[in-house]
file protein_17.csv (CSV, C-alpha atoms)
chain,number,residue,atom,x,y,z
A,1,MET,CA,151.8,186.5,-8.0
A,2,ALA,CA,152.3,182.7,-7.5
A,3,GLN,CA,153.1,180.4,-10.4
A,4,ILE,CA,150.4,177.7,-10.7
A,5,ILE,CA,151.6,174.1,-10.4
A,6,ASP,CA,149.7,172.3,-13.2
A,7,GLY,CA,149.0,168.9,-11.6
A,8,LYS,CA,147.0,167.8,-14.6
A,9,GLN,CA,149.9,168.4,-17.0
A,10,ILE,CA,152.5,166.9,-14.7
A,11,ALA,CA,150.2,163.8,-14.2
A,12,THR,CA,149.8,163.4,-18.0
A,13,ASP,CA,153.6,163.6,-18.4
A,14,ILE,CA,154.1,160.9,-15.7
A,15,LYS,CA,151.5,158.6,-17.2
A,16,THR,CA,153.1,159.0,-20.7
A,17,SER,CA,156.5,158.0,-19.2
A,18,LEU,CA,154.9,155.1,-17.4
A,19,LYS,CA,153.4,154.0,-20.7
A,20,VAL,CA,156.9,153.7,-22.2
A,21,GLU,CA,158.0,151.8,-19.1
A,22,ALA,CA,155.0,149.4,-19.3
A,23,GLU,CA,155.9,148.7,-23.0
A,24,ARG,CA,159.5,148.0,-22.0
A,25,LEU,CA,158.5,145.6,-19.3
A,26,PHE,CA,155.9,143.6,-21.2
A,27,PRO,CA,158.4,141.4,-23.2
A,28,LEU,CA,160.5,140.8,-20.1
A,29,VAL,CA,157.6,139.4,-18.1
A,30,GLY,CA,155.4,138.0,-20.8
A,31,ARG,CA,152.3,139.7,-19.6
A,32,ARG,CA,151.2,143.2,-18.6
A,33,ALA,CA,150.8,144.5,-15.1
A,34,PHE,CA,147.4,143.8,-13.7
A,35,LEU,CA,145.3,145.9,-11.2
A,36,THR,CA,142.0,144.8,-9.7
A,37,VAL,CA,139.8,147.5,-8.3
A,38,VAL,CA,137.1,146.5,-5.8
A,39,LEU,CA,134.0,148.6,-5.6
A,40,VAL,CA,131.4,148.1,-2.9
A,41,GLY,CA,128.0,149.8,-3.4
A,42,ASP,CA,127.0,152.4,-6.0
A,43,ASP,CA,128.2,155.7,-4.5
A,44,PRO,CA,128.4,158.1,-7.5
A,45,ALA,CA,131.6,159.7,-6.4
A,46,SER,CA,133.3,156.3,-5.8
A,47,ARG,CA,132.1,155.0,-9.2
A,48,SER,CA,133.5,158.2,-10.9
A,49,TYR,CA,136.9,157.7,-9.2
A,50,THR,CA,136.9,154.1,-10.2
A,51,ARG,CA,136.2,154.9,-13.8
A,52,GLY,CA,139.1,157.4,-13.8
A,53,LYS,CA,141.5,154.7,-12.5
A,54,ILE,CA,140.4,152.1,-15.1
A,55,LYS,CA,140.8,154.7,-17.8
A,56,ALA,CA,144.3,155.6,-16.6
A,57,CYS,CA,145.2,151.9,-16.7
A,58,GLU,CA,144.1,151.7,-20.3
A,59,PHE,CA,146.3,154.7,-21.2
A,60,VAL,CA,149.4,153.4,-19.5
A,61,GLY,CA,149.0,149.8,-20.7
A,62,ILE,CA,148.1,148.1,-17.4
A,63,ASP,CA,145.5,145.4,-17.6
A,64,SER,CA,142.7,145.9,-15.1
A,65,ASP,CA,139.3,144.6,-13.9
A,66,LEU,CA,136.6,145.9,-11.7
A,67,LEU,CA,135.2,143.6,-9.1
A,68,GLU,CA,131.8,144.9,-7.9
A,69,PHE,CA,129.8,144.0,-4.8
A,70,PRO,CA,126.4,145.3,-3.6
A,71,SER,CA,126.5,147.5,-0.5
A,72,SER,CA,124.8,144.6,1.4
A,73,VAL,CA,127.9,142.3,0.9
A,74,SER,CA,129.1,140.8,4.2
A,75,GLU,CA,132.5,141.6,5.6
A,76,GLU,CA,133.3,137.9,5.5
A,77,GLU,CA,132.5,137.6,1.8
A,78,LEU,CA,134.6,140.7,0.9
A,79,LEU,CA,137.5,139.4,2.9
A,80,LYS,CA,137.3,136.1,1.1
A,81,ALA,CA,137.3,137.9,-2.2
A,82,ILE,CA,140.5,139.7,-1.2
A,83,GLU,CA,142.1,136.5,-0.1
A,84,ARG,CA,141.4,135.1,-3.6
A,85,LEU,CA,143.0,138.1,-5.2
A,86,ASN,CA,146.0,137.7,-3.0
A,87,GLU,CA,146.5,134.2,-4.2
A,88,ASP,CA,145.9,135.0,-7.9
A,89,ASP,CA,149.4,135.2,-9.4
A,90,LYS,CA,148.2,137.4,-12.4
A,91,VAL,CA,147.1,140.2,-10.0
A,92,ASP,CA,149.9,142.6,-9.2
A,93,GLY,CA,147.8,145.3,-7.4
A,94,ILE,CA,144.6,145.4,-5.3
A,95,LEU,CA,142.7,148.6,-4.6
A,96,VAL,CA,139.6,148.7,-2.5
A,97,GLN,CA,137.7,151.9,-3.2
A,98,LEU,CA,136.9,153.8,-0.1
A,99,PRO,CA,134.6,154.5,1.7
A,100,LEU,CA,133.1,151.2,2.6
A,101,PRO,CA,129.6,150.6,4.1
A,102,ALA,CA,129.4,151.1,7.8
A,103,HIS,CA,129.1,147.3,8.6
A,104,ILE,CA,132.5,146.6,7.0
A,105,SER,CA,135.7,147.4,8.9
A,106,LYS,CA,137.9,149.5,6.7
A,107,GLN,CA,141.0,148.4,8.7
A,108,LYS,CA,140.2,144.7,8.4
A,109,VAL,CA,140.0,145.1,4.7
A,110,ILE,CA,143.2,147.1,4.4
A,111,ASP,CA,145.0,144.5,6.6
A,112,ALA,CA,143.7,141.7,4.5
A,113,ILE,CA,145.5,142.9,1.3
A,114,CYS,CA,148.9,141.4,1.0
A,115,ARG,CA,151.7,144.0,1.3
A,116,GLU,CA,153.2,143.1,-2.1
A,117,LYS,CA,149.9,144.0,-3.8
A,118,ASP,CA,149.0,147.1,-1.7
A,119,VAL,CA,149.0,149.8,-4.4
A,120,ASP,CA,147.4,152.3,-2.0
A,121,GLY,CA,150.3,152.0,0.5
A,122,PHE,CA,147.8,151.6,3.4
A,123,HIS,CA,148.9,148.2,4.8
A,124,PRO,CA,150.4,148.5,8.3
A,125,LEU,CA,153.6,146.9,7.1
A,126,ASN,CA,154.0,149.5,4.3
A,127,VAL,CA,153.0,152.3,6.8
A,128,GLY,CA,155.7,151.0,9.2
A,129,ARG,CA,158.4,150.8,6.6
A,130,LEU,CA,157.6,154.3,5.4
A,131,ASP,CA,157.8,155.5,9.0
A,132,GLN,CA,161.3,154.0,9.4
A,133,GLY,CA,162.5,155.2,6.0
A,134,TYR,CA,162.7,151.8,4.4
A,135,ASP,CA,161.8,150.8,0.8
A,136,CYS,CA,158.0,150.5,0.5
A,137,ILE,CA,154.9,151.4,-1.5
A,138,SER,CA,154.1,155.0,-0.5
A,139,PRO,CA,150.5,156.2,-0.4
A,140,CYS,CA,149.5,157.8,-3.8
A,141,THR,CA,148.4,161.3,-2.7
A,142,PRO,CA,151.5,162.0,-0.5
A,143,LYS,CA,153.7,160.6,-3.2
A,144,GLY,CA,152.0,162.9,-5.8
A,145,ILE,CA,152.4,165.9,-3.5
A,146,MET,CA,156.2,165.3,-3.3
A,147,ARG,CA,156.3,165.1,-7.1
A,148,LEU,CA,154.5,168.5,-7.3
A,149,ILE,CA,156.9,170.1,-4.8
A,150,ASN,CA,159.9,168.7,-6.7
A,151,SER,CA,158.4,170.1,-10.0
A,152,THR,CA,158.9,173.6,-8.7
A,153,GLY,CA,162.7,173.2,-8.5
A,154,VAL,CA,162.6,174.5,-4.9
A,155,GLU,CA,165.2,172.8,-2.7
A,156,THR,CA,163.5,171.0,0.2
A,157,GLU,CA,166.6,170.4,2.4
A,158,GLY,CA,166.5,172.5,5.5
A,159,LYS,CA,163.2,174.2,4.6
A,160,ILE,CA,160.4,174.5,7.1
A,161,ALA,CA,157.5,172.4,6.0
A,162,VAL,CA,154.1,172.8,7.7
A,163,VAL,CA,151.4,170.1,7.2
A,164,VAL,CA,147.9,171.1,8.2
A,165,GLY,CA,146.1,167.9,9.0
A,166,ARG,CA,147.1,164.5,10.4
A,167,SER,CA,145.0,161.9,8.5
A,168,ASN,CA,146.4,158.4,7.9
A,169,ILE,CA,145.8,158.9,4.2
A,170,VAL,CA,147.5,162.2,3.6
A,171,GLY,CA,148.7,164.2,6.6
A,172,LYS,CA,150.8,161.6,8.4
A,173,PRO,CA,152.5,160.0,5.4
A,174,VAL,CA,153.3,163.3,3.6
A,175,ALA,CA,154.9,164.4,6.9
A,176,LYS,CA,157.1,161.4,6.8
A,177,LEU,CA,158.1,162.0,3.1
A,178,LEU,CA,158.9,165.6,3.9
A,179,LEU,CA,161.1,164.5,6.7
A,180,GLN,CA,162.8,162.1,4.3
A,181,ALA,CA,163.4,165.1,2.0
A,182,ASN,CA,165.3,166.7,4.9
A,183,CYS,CA,162.7,169.4,5.7
A,184,THR,CA,162.2,170.7,9.2
A,185,LEU,CA,158.6,169.5,9.9
A,186,ILE,CA,155.8,171.0,11.9
A,187,GLN,CA,152.4,169.2,11.8
A,188,THR,CA,149.2,170.9,12.9
A,189,HIS,CA,145.8,169.5,13.6
A,190,SER,CA,142.3,170.4,15.0
A,191,HIS,CA,143.7,171.0,18.5
A,192,THR,CA,146.6,173.3,17.3
A,193,ARG,CA,146.5,176.8,18.9
A,194,ASP,CA,147.3,179.9,16.9
A,195,LEU,CA,147.4,178.2,13.6
A,196,ASP,CA,148.1,181.5,11.8
A,197,SER,CA,151.5,182.0,13.4
A,198,ILE,CA,152.6,178.5,12.5
A,199,THR,CA,151.5,178.5,8.9
A,200,ARG,CA,153.4,181.8,8.4
A,201,MET,CA,156.6,180.0,9.2
A,202,ALA,CA,156.2,177.6,6.3
A,203,ASP,CA,158.5,177.6,3.3
A,204,ILE,CA,156.4,174.6,2.2
A,205,LEU,CA,152.8,174.5,3.2
A,206,VAL,CA,150.6,171.4,2.7
A,207,VAL,CA,146.9,171.7,3.6
A,208,ALA,CA,144.7,168.6,3.9
A,209,VAL,CA,141.8,169.0,6.2
A,210,GLY,CA,138.6,169.3,4.0
A,211,LYS,CA,137.7,172.8,5.3
A,212,PRO,CA,137.1,175.2,2.3
A,213,GLY,CA,139.0,178.4,2.5
A,214,LEU,CA,140.7,177.6,5.9
A,215,ILE,CA,144.0,179.1,4.8
A,216,LYS,CA,143.9,182.8,3.8
A,217,GLY,CA,146.7,184.8,2.2
A,218,ASN,CA,147.7,186.6,5.4
A,219,MET,CA,148.4,183.1,6.9
A,220,VAL,CA,151.1,182.4,4.3
A,221,LYS,CA,154.8,183.4,4.2
A,222,LYS,CA,155.9,185.4,1.2
A,223,GLY,CA,157.4,183.0,-1.3
A,224,ALA,CA,156.0,179.8,0.2
A,225,VAL,CA,155.2,176.8,-1.9
A,226,VAL,CA,151.5,176.0,-1.2
A,227,ILE,CA,150.0,172.5,-1.8
A,228,ASP,CA,146.2,172.4,-1.4
A,229,VAL,CA,144.9,168.9,-1.0
A,230,GLY,CA,141.4,169.7,0.1
A,231,ILE,CA,138.4,169.5,-2.3
A,232,SER,CA,134.8,170.3,-1.3
A,233,ARG,CA,131.7,171.1,-3.3
A,234,CYS,CA,130.3,174.2,-1.7
A,235,GLU,CA,126.9,176.0,-1.8
A,236,ASP,CA,127.8,177.7,-5.1
A,237,GLY,CA,128.1,174.3,-6.7
A,238,LEU,CA,131.8,174.7,-7.4
A,239,LEU,CA,134.8,172.8,-6.1
A,240,HIS,CA,136.9,174.6,-3.5
A,241,GLY,CA,140.1,173.8,-1.8
A,242,ASP,CA,141.3,174.3,1.8
A,243,VAL,CA,143.2,177.3,0.6
A,244,ASP,CA,141.7,180.6,-0.4
A,245,PHE,CA,143.3,180.7,-3.8
A,246,GLU,CA,143.1,184.4,-4.7
A,247,SER,CA,144.5,185.8,-1.5
A,248,THR,CA,147.1,183.1,-1.0
A,249,ALA,CA,148.4,183.4,-4.6
A,250,GLU,CA,149.4,187.0,-3.8
A,251,ASN,CA,152.0,185.7,-1.3
A,252,ALA,CA,153.0,182.2,-2.5
A,253,SER,CA,155.7,181.5,-5.0
A,254,PHE,CA,154.0,178.4,-6.3
A,255,ILE,CA,150.4,177.1,-5.6
A,256,THR,CA,148.2,174.2,-6.7
A,257,PRO,CA,144.8,174.9,-8.1
A,258,VAL,CA,141.6,173.1,-7.1
A,259,PRO,CA,140.7,171.2,-9.2
A,260,GLY,CA,143.6,170.3,-11.4
A,261,GLY,CA,146.3,170.2,-8.8
A,262,VAL,CA,146.8,167.3,-6.4
A,263,GLY,CA,143.8,165.2,-7.7
A,264,PRO,CA,145.3,164.1,-11.1
A,265,MET,CA,148.5,163.2,-9.4
A,266,THR,CA,146.9,160.6,-7.1
A,267,ILE,CA,145.8,158.5,-10.1
A,268,ALA,CA,149.2,159.0,-11.8
A,269,MET,CA,150.9,157.7,-8.6
A,270,LEU,CA,148.5,154.8,-8.5
A,271,MET,CA,149.7,153.8,-11.9
A,272,ALA,CA,153.3,154.2,-10.7
A,273,ASN,CA,152.6,152.0,-7.6
A,274,THR,CA,151.0,149.3,-9.8
A,275,LEU,CA,154.0,149.1,-12.0
A,276,GLU,CA,156.3,149.1,-8.9
A,277,CYS,CA,154.4,146.1,-7.5
A,278,TYR,CA,154.6,144.4,-10.8
A,279,LYS,CA,158.3,144.8,-11.1
A,280,LYS,CA,159.0,143.7,-7.5
A,281,ARG,CA,156.8,140.6,-7.9
A,282,ASN,CA,158.8,139.7,-11.1
A,283,ASN,CA,162.2,140.6,-9.6
A,284,ILE,CA,162.8,143.4,-12.1
A,285,LEU,CA,164.9,146.5,-11.0

call {"tool": "encode", "arguments": {"input": "protein_17.csv", "output": "structure tokens"}}
result
Amino acid sequence: MAQIIDGKQIATDIKTSLKVEAERLFPLVGRRAFLTVVLVGDDPASRSYTRGKIKACEFVGIDSDLLEFPSSVSEEELLKAIERLNEDDKVDGILVQLPLPAHISKQKVIDAICREKDVDGFHPLNVGRLDQGYDCISPCTPKGIMRLINSTGVETEGKIAVVVGRSNIVGKPVAKLLLQANCTLIQTHSHTRDLDSITRMADILVVAVGKPGLIKGNMVKKGAVVIDVGISRCEDGLLHGDVDFESTAENASFITPVPGGVGPMTIAMLMANTLECYKKRNNIL
């Protein structure tokens, strides 16, 4: 039976460590790190995620504010607001909560955030630097996934890692991070044939497609580390991952639960990225 990777506890430990780091940095800079979260519209899920991020800032000791716009805001007005945040020297990190209304280009908004304040790690220059293995701000969820894998103590070097999904937010960047960890990488997607035979090769299996129960136990190699990124609310009213937990746990050595696995790590890594931007902007190693 697999050992559960407790993402909630690991995230709490990381935030506690970051709190100590934030206290150490404060007298060196003379102010606390500052994160601005931009929220467009009143989507309940987005508002809930935003609250979680602001609450995490309070715990770690990062100053923050929430900049809210109605869903009717024009793209031009939103881009001008981002430009002002770019120029505001007290702001170390800028996060625009996704999704955005259909009339606003997500890519234009991402491109408008200056790379040095891009705590999401989505700016093309950060993406390019990640692709080439250079120092950069890594996207929060992939960064958190790597911390979860490392927490198991399983050596990544030379292991076969299979990533199911190729999104820009999770699939592609986590593949790059696994390559940097010296894994042998296989990436699958919606056009992959015979998925079962590929996932059974994985020593490390990361699943991020948003299809509840896609991966069953018979698709997983004995002893594999399984990271379930998917989270969907199903007809039973409960949250389910992309991995069928019960059957997969019979074969895996380690597995993340849903909820309580990858989700808490995303916010913890957002806090880490904010402090990283803060330190770089103030030339602190």

call {"tool": "closest_residue", "arguments": {"input": "protein_17.csv", "among": "A:Val91, A:Leu238, A:Leu178, A:Leu270", "to": "Pro212 of chain A", "atoms": "all atoms listed in the file"}}
result
A:Leu238

call {"tool": "closest_residue", "arguments": {"input": "protein_17.csv", "among": "A:Gly52, A:Ala272, A:Gln187, A:Ala161", "to": "Lys15 of chain A", "atoms": "only C-alpha atoms"}}
result
A:Ala272

call {"tool": "atom_distance", "arguments": {"input": "protein_17.csv", "atom1": "atom CA of Ala208 of chain A", "atom2": "atom CA of Val60 of chain A"}}
result
28.3 Å

call {"tool": "residues_near_point", "arguments": {"input": "protein_17.csv", "point": "(150.6, 145.1, -19.7)", "cutoff": "9 Å", "atoms": "all atoms listed in the file", "output": "VMD selection string"}}
result
chain A and resid 22 to 23 25 to 26 30 to 34 60 to 63

call {"tool": "closest_atom_pairs", "arguments": {"input": "protein_17.csv", "of": "segment 48-88 of chain A", "to": "segment 99-104 of chain A", "cutoff": "9 Å", "atoms": "all atoms listed in the file", "output": "Markdown table"}}
result
| residue | atom | partner | partner_atom | distance |
| --- | --- | --- | --- | --- |
| A:Ser71 | CA | A:Pro101 | CA | 6.4 |
| A:Ser72 | CA | A:Pro101 | CA | 8.1 |
| A:Val73 | CA | A:Ile104 | CA | 8.8 |
| A:Ser74 | CA | A:Ile104 | CA | 7.3 |
| A:Glu75 | CA | A:Ile104 | CA | 5.2 |
| A:Glu76 | CA | A:Ile104 | CA | 8.9 |
| A:Leu78 | CA | A:Ile104 | CA | 8.7 |

call {"tool": "atom_distance", "arguments": {"input": "protein_17.csv", "atom1": "atom CA of Ile137 of chain A", "atom2": "atom CA of Cys114 of chain A"}}
result
11.9 Å

call {"tool": "atom_distance", "arguments": {"input": "protein_17.csv", "atom1": "atom CA of Ile145 of chain A", "atom2": "atom CA of Asp194 of chain A"}}
result
25.3 Å

call {"tool": "closest_residue", "arguments": {"input": "protein_17.csv", "among": "A:Leu18, A:Thr152, A:Arg115, A:Thr199", "to": "Ala56 of chain A", "atoms": "only C-alpha atoms"}}
result
A:Leu18

call {"tool": "closest_residue", "arguments": {"input": "protein_17.csv", "among": "A:Met265, A:Leu95, A:Leu79, A:Val37", "to": "Lys108 of chain A", "atoms": "only C-alpha atoms"}}
result
A:Leu79

call {"tool": "closest_atom_pairs", "arguments": {"input": "protein_17.csv", "of": "segment 188-281 of chain A", "to": "segment 116-126 of chain A", "cutoff": "7 Å", "atoms": "all atoms listed in the file", "output": "Markdown table"}}
result
| residue | atom | partner | partner_atom | distance |
| --- | --- | --- | --- | --- |
| A:Leu270 | CA | A:Val119 | CA | 6.5 |
| A:Asn273 | CA | A:Val119 | CA | 5.3 |
| A:Thr274 | CA | A:Val119 | CA | 5.8 |
| A:Cys277 | CA | A:Lys117 | CA | 6.2 |

call {"tool": "closest_residue", "arguments": {"input": "protein_17.csv", "among": "A:Gly165, A:Val29, A:Ser232, A:Lys176", "to": "Gly128 of chain A", "atoms": "all atoms listed in the file"}}
result
A:Lys176

call {"tool": "residues_around", "arguments": {"input": "protein_17.csv", "residues": "Val243 of chain A", "least_positions_apart": "5", "cutoff": "8 Å", "atoms": "only C-alpha atoms", "output": "ChimeraX atom specification"}}
result
/A:207,212-216,228,230,248

call {"tool": "closest_residue", "arguments": {"input": "protein_17.csv", "among": "A:Gly153, A:Gly7, A:Pro139, A:Gly237", "to": "Ile169 of chain A", "atoms": "all atoms listed in the file"}}
result
A:Pro139

call {"tool": "residues_around", "arguments": {"input": "protein_17.csv", "residues": "Gln97 of chain A", "least_positions_apart": "3", "cutoff": "9 Å", "atoms": "all atoms listed in the file", "output": "PyMOL selection string"}}
result
chain A and resi 37-40+46-47+49-50+100

call {"tool": "residues_around", "arguments": {"input": "protein_17.csv", "residues": "Val226 of chain A", "least_positions_apart": "6", "cutoff": "10 Å", "atoms": "all atoms listed in the file", "output": "VMD selection string"}}
result
chain A and resid 2 4 to 5 149 162 202 to 207 220 243 245 248 to 249 251 to 257
